[in-house]
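Structure data follow from protein25.cif (mmCIF, C-alpha atoms and all ligand atoms):
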```cif
data_final
#
loop_
_atom_site.group_PDB
_atom_site.id
_atom_site.type_symbol
_atom_site.label_atom_id
_atom_site.label_comp_id
_atom_site.auth_asym_id
_atom_site.auth_seq_id
_atom_site.Cartn_x
_atom_site.Cartn_y
_atom_site.Cartn_z
ATOM 1 C CA MET A 1491 -47.461 18.973 9.576
ATOM 2 C CA ALA A 1492 -49.084 15.570 9.919
ATOM 3 C CA GLU A 1493 -47.579 13.322 12.487
ATOM 4 C CA LEU A 1494 -47.265 9.688 11.588
ATOM 5 C CA THR A 1495 -47.764 7.794 14.809
ATOM 6 C CA ASN A 1496 -45.821 4.713 15.658
ATOM 7 C CA THR A 1497 -48.270 2.037 14.635
ATOM 8 C CA GLY A 1498 -46.249 -0.671 16.272
ATOM 9 C CA GLU A 1499 -45.173 -2.112 12.949
ATOM 10 C CA THR A 1500 -41.867 -3.794 13.424
ATOM 11 C CA VAL A 1501 -39.355 -5.472 11.210
ATOM 12 C CA GLN A 1502 -37.766 -8.539 12.690
ATOM 13 C CA THR A 1503 -34.050 -8.235 13.241
ATOM 14 C CA GLY A 1504 -32.157 -10.176 10.661
ATOM 15 C CA GLU A 1505 -34.826 -10.013 7.988
ATOM 16 C CA ARG A 1506 -34.147 -7.688 5.123
ATOM 17 C CA ASN A 1507 -37.769 -6.840 4.815
ATOM 18 C CA ARG A 1508 -38.093 -3.629 2.834
ATOM 19 C CA ASP A 1509 -41.844 -3.423 2.829
ATOM 20 C CA ALA A 1510 -44.339 -0.577 2.679
ATOM 21 C CA SER A 1511 -43.681 0.533 6.237
ATOM 22 C CA TRP A 1512 -40.006 1.037 5.432
ATOM 23 C CA GLN A 1513 -40.873 3.054 2.325
ATOM 24 C CA ARG A 1514 -43.234 5.208 4.369
ATOM 25 C CA ALA A 1515 -40.713 5.742 7.149
ATOM 26 C CA ARG A 1516 -38.021 6.628 4.624
ATOM 27 C CA ALA A 1517 -40.252 9.140 2.843
ATOM 28 C CA LYS A 1518 -41.169 10.729 6.171
ATOM 29 C CA ILE A 1519 -37.542 11.204 7.204
ATOM 30 C CA ILE A 1520 -36.608 12.744 3.862
ATOM 31 C CA ALA A 1521 -39.646 15.037 3.927
ATOM 32 C CA GLU A 1522 -39.220 16.240 7.515
ATOM 33 C CA GLN A 1523 -35.478 16.431 8.122
ATOM 34 C CA GLU A 1524 -33.167 18.968 6.508
ATOM 35 C CA LEU A 1525 -29.688 18.268 7.818
ATOM 36 C CA CYS A 1526 -27.405 15.298 7.429
ATOM 37 C CA HIS A 1527 -27.092 13.763 10.889
ATOM 38 C CA LEU A 1528 -23.540 12.658 10.154
ATOM 39 C CA CYS A 1529 -21.915 15.890 8.926
ATOM 40 C CA GLY A 1530 -24.507 18.487 9.930
ATOM 41 C CA GLU A 1531 -24.768 20.031 6.457
ATOM 42 C CA ALA A 1532 -28.015 20.572 4.547
ATOM 43 C CA VAL A 1533 -29.020 17.756 2.208
ATOM 44 C CA ASP A 1534 -29.893 18.618 -1.400
ATOM 45 C CA LYS A 1535 -33.278 16.988 -1.862
ATOM 46 C CA GLN A 1536 -33.236 17.677 -5.584
ATOM 47 C CA ALA A 1537 -30.134 15.558 -6.039
ATOM 48 C CA LYS A 1538 -30.601 11.963 -7.132
ATOM 49 C CA ALA A 1539 -28.567 8.884 -6.294
ATOM 50 C CA PRO A 1540 -25.765 8.083 -7.010
ATOM 51 C CA ASP A 1541 -24.950 11.772 -6.403
ATOM 52 C CA PRO A 1542 -23.212 11.770 -2.981
ATOM 53 C CA THR A 1543 -25.123 14.916 -1.983
ATOM 54 C CA SER A 1544 -28.489 13.227 -2.566
ATOM 55 C CA PRO A 1545 -30.700 12.312 0.398
ATOM 56 C CA SER A 1546 -30.565 8.890 1.976
ATOM 57 C CA VAL A 1547 -31.872 7.484 5.230
ATOM 58 C CA ASP A 1548 -29.324 6.100 7.651
ATOM 59 C CA HIS A 1549 -29.953 3.659 10.477
ATOM 60 C CA ILE A 1550 -28.716 5.169 13.734
ATOM 61 C CA THR A 1551 -28.147 1.668 15.047
ATOM 62 C CA PRO A 1552 -27.023 -0.191 11.923
ATOM 63 C CA TRP A 1553 -29.407 -2.730 10.494
ATOM 64 C CA SER A 1554 -26.677 -5.352 10.685
ATOM 65 C CA GLN A 1555 -26.327 -4.734 14.428
ATOM 66 C CA GLY A 1556 -29.962 -5.193 15.308
ATOM 67 C CA GLY A 1557 -31.246 -1.737 14.408
ATOM 68 C CA THR A 1558 -34.793 -1.612 13.143
ATOM 69 C CA ASP A 1559 -36.678 0.446 10.569
ATOM 70 C CA ALA A 1560 -38.509 2.285 13.375
ATOM 71 C CA ILE A 1561 -38.667 6.040 12.854
ATOM 72 C CA GLU A 1562 -36.653 6.519 16.046
ATOM 73 C CA ASN A 1563 -33.757 4.616 14.504
ATOM 74 C CA LEU A 1564 -33.711 6.545 11.228
ATOM 75 C CA ALA A 1565 -32.091 9.841 10.320
ATOM 76 C CA LEU A 1566 -31.440 11.835 7.179
ATOM 77 C CA ALA A 1567 -27.921 11.611 5.761
ATOM 78 C CA HIS A 1568 -26.150 12.474 2.536
ATOM 79 C CA LEU A 1569 -25.787 9.362 0.440
ATOM 80 C CA GLY A 1570 -22.035 9.980 0.453
ATOM 81 C CA CYS A 1571 -21.893 10.311 4.244
ATOM 82 C CA ASN A 1572 -24.054 7.235 4.673
ATOM 83 C CA ILE A 1573 -21.749 5.165 2.450
ATOM 84 C CA LYS A 1574 -18.658 6.547 4.169
ATOM 85 C CA ARG A 1575 -20.093 5.663 7.564
ATOM 86 C CA GLY A 1576 -20.801 2.096 6.512
ATOM 87 C CA LYS A 1577 -21.393 0.007 9.613
ATOM 88 C CA LYS A 1578 -19.325 2.109 11.997
ATOM 89 C CA PRO A 1579 -20.918 2.996 15.328
ATOM 90 C CA LEU A 1580 -22.429 6.447 15.265
ATOM 91 C CA ASP A 1581 -20.378 7.861 18.138
ATOM 92 C CA GLU A 1582 -17.202 6.857 16.328
ATOM 93 C CA VAL A 1583 -18.266 8.582 13.109
ATOM 94 C CA ARG A 1584 -19.390 11.763 14.822
ATOM 95 C CA ARG A 1585 -16.324 11.912 17.041
ATOM 96 C CA THR A 1586 -13.774 11.587 14.243
ATOM 97 C CA PRO A 1587 -13.432 15.216 13.103
ATOM 98 C CA TYR A 1588 -13.317 16.510 16.660
ATOM 99 C CA SER A 1589 -10.818 13.971 17.879
ATOM 100 C CA GLU A 1590 -8.563 14.907 14.946
ATOM 101 C CA ASP A 1591 -8.693 18.533 16.042
ATOM 102 C CA TRP A 1592 -7.977 17.628 19.618
ATOM 103 C CA GLY A 1593 -5.006 15.471 18.669
ATOM 104 C CA LEU A 1594 -5.692 13.165 21.567
ATOM 105 C CA GLY A 1595 -5.291 10.053 19.479
ATOM 106 C CA PHE A 1596 -8.730 8.556 19.925
HETATM 107 ZN ZN ZN B 1601 -23.495 14.576 5.280
#
```
What is this structure when it is put down as structure tokens?
Ligand SMILES: [Zn+2]
Amino acid sequence: MAELTNTGETVQTGERNRDASWQRARAKIIAEQELCHLCGEAVDKQAKAPDPTSPSVDHITPWSQGGTDAIENLALAHLGCNIKRGKKPLDEVRRTPYSEDWGLGF
């Protein structure tokens, strides 16, 4: 599988610049990853938005909080999971189901 190297292209924080590098990064994530990083289930790549099971690319550090479009900050997620996460910190989203089981009141 071809490896797209980090070419050093950056998107300035605060600019909603959805240019070619973003499109390329997004396509790479969807092509190479299989599981939703939020719920851990497989993503149906045949599904199309607005189907909640369709693939989307989530920012690990949210765009609004200074996250970039760098490959390292992107991960595959169900569209539905991505929308449900919104701008919540990742550790909070991932912790939720476990903390409910534990009943520790996090
Ligand atoms: Zn999911």
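Using only C-alpha atoms, the smallest distance between any of A:Glu1582, A:Glu1524, A:Asp1509, A:Glu1562 and Ser1546 of chain A comes from A:Glu1524.
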Problem set entry | Environment of ligand ZN 1601 (chain B) within 6 Å, counting all atoms listed in the file, reported as a ChimeraX atom specification | /A:1526,1528-1529,1531,1567-1568,1571
Exercise. So which one's closest to Ser1511 of chain A, A:Ile1573, A:Ala1560, A:Leu1580, A:Leu1566? Using all atoms listed in the file, please.
Worked result: A:Ala1560
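Atom CA of Ala1539 of chain A is found 22.2 Å from atom CA of Ser1554 of chain A.
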For this session: Identify, on the basis of all atoms listed in the file, every residue whose closest approach to Ala1515 of chain A does not exceed 10 Å; exclude the query and any residue fewer than 5 positions from it along the same chain; express the result as a list in words.
Result: Leu1494, Asn1496, Ala1510, Ile1520, Ala1521, Val1547, Asp1559, Ala1560, Ile1561, Glu1562 and Leu1564 of chain A
Save out the residues we just selected, C-alpha atoms, as a short mmCIF file (atom, residue, chain, number, x, y, z; two decimals), in the frame of the given file.
```cif
data_model
loop_
_atom_site.label_atom_id
_atom_site.label_comp_id
_atom_site.auth_asym_id
_atom_site.auth_seq_id
_atom_site.Cartn_x
_atom_site.Cartn_y
_atom_site.Cartn_z
CA LEU A 1494 -47.26 9.69 11.59
CA ASN A 1496 -45.82 4.71 15.66
CA ALA A 1510 -44.34 -0.58 2.68
CA ILE A 1520 -36.61 12.74 3.86
CA ALA A 1521 -39.65 15.04 3.93
CA VAL A 1547 -31.87 7.48 5.23
CA ASP A 1559 -36.68 0.45 10.57
CA ALA A 1560 -38.51 2.28 13.38
CA ILE A 1561 -38.67 6.04 12.85
CA GLU A 1562 -36.65 6.52 16.05
CA LEU A 1564 -33.71 6.54 11.23
#
```
Exercise. Taking into account only C-alpha atoms, which residue in the set A:Asn1563, A:Thr1558, A:Thr1551, A:Ser1544 is nearest to Lys1577 of chain A?
Worked result: A:Thr1551
Exercise. Restricting the calculation to all atoms listed in the file, which member of A:Gly1556, A:Gln1513, A:His1549, A:Gly1570 is positioned closest to Asp1534 of chain A?
Worked result: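 Nearest to Asp1534 of chain A: A:Gly1570.
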For this session: Record the distance separating atom CA of Asp1581 of chain A and atom CA of Gln1536 of chain A, expressed in Å with one decimal.
Result: 28.7 Å
For this session: Can you work out which one of A:Ile1550, A:Lys1535, A:Pro1540, A:Pro1579 has the shortest atom-to-atom distance to Ala1517 of chain A, counting only C-alpha atoms?
Result: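 Between A:Ile1550, A:Lys1535, A:Pro1540, A:Pro1579, the residue approaching Ala1517 of chain A most closely is A:Lys1535.
One finds atom CA of Leu1525 of chain A at 21.2 Å from atom CA of Trp1553 of chain A.
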Exercise. Given the choices A:Pro1552, A:Ala1565, A:Gly1557, A:Trp1512, which gets closest to Gly1530 of chain A if the distance is worked out from only C-alpha atoms?
Worked result: A:Ala1565
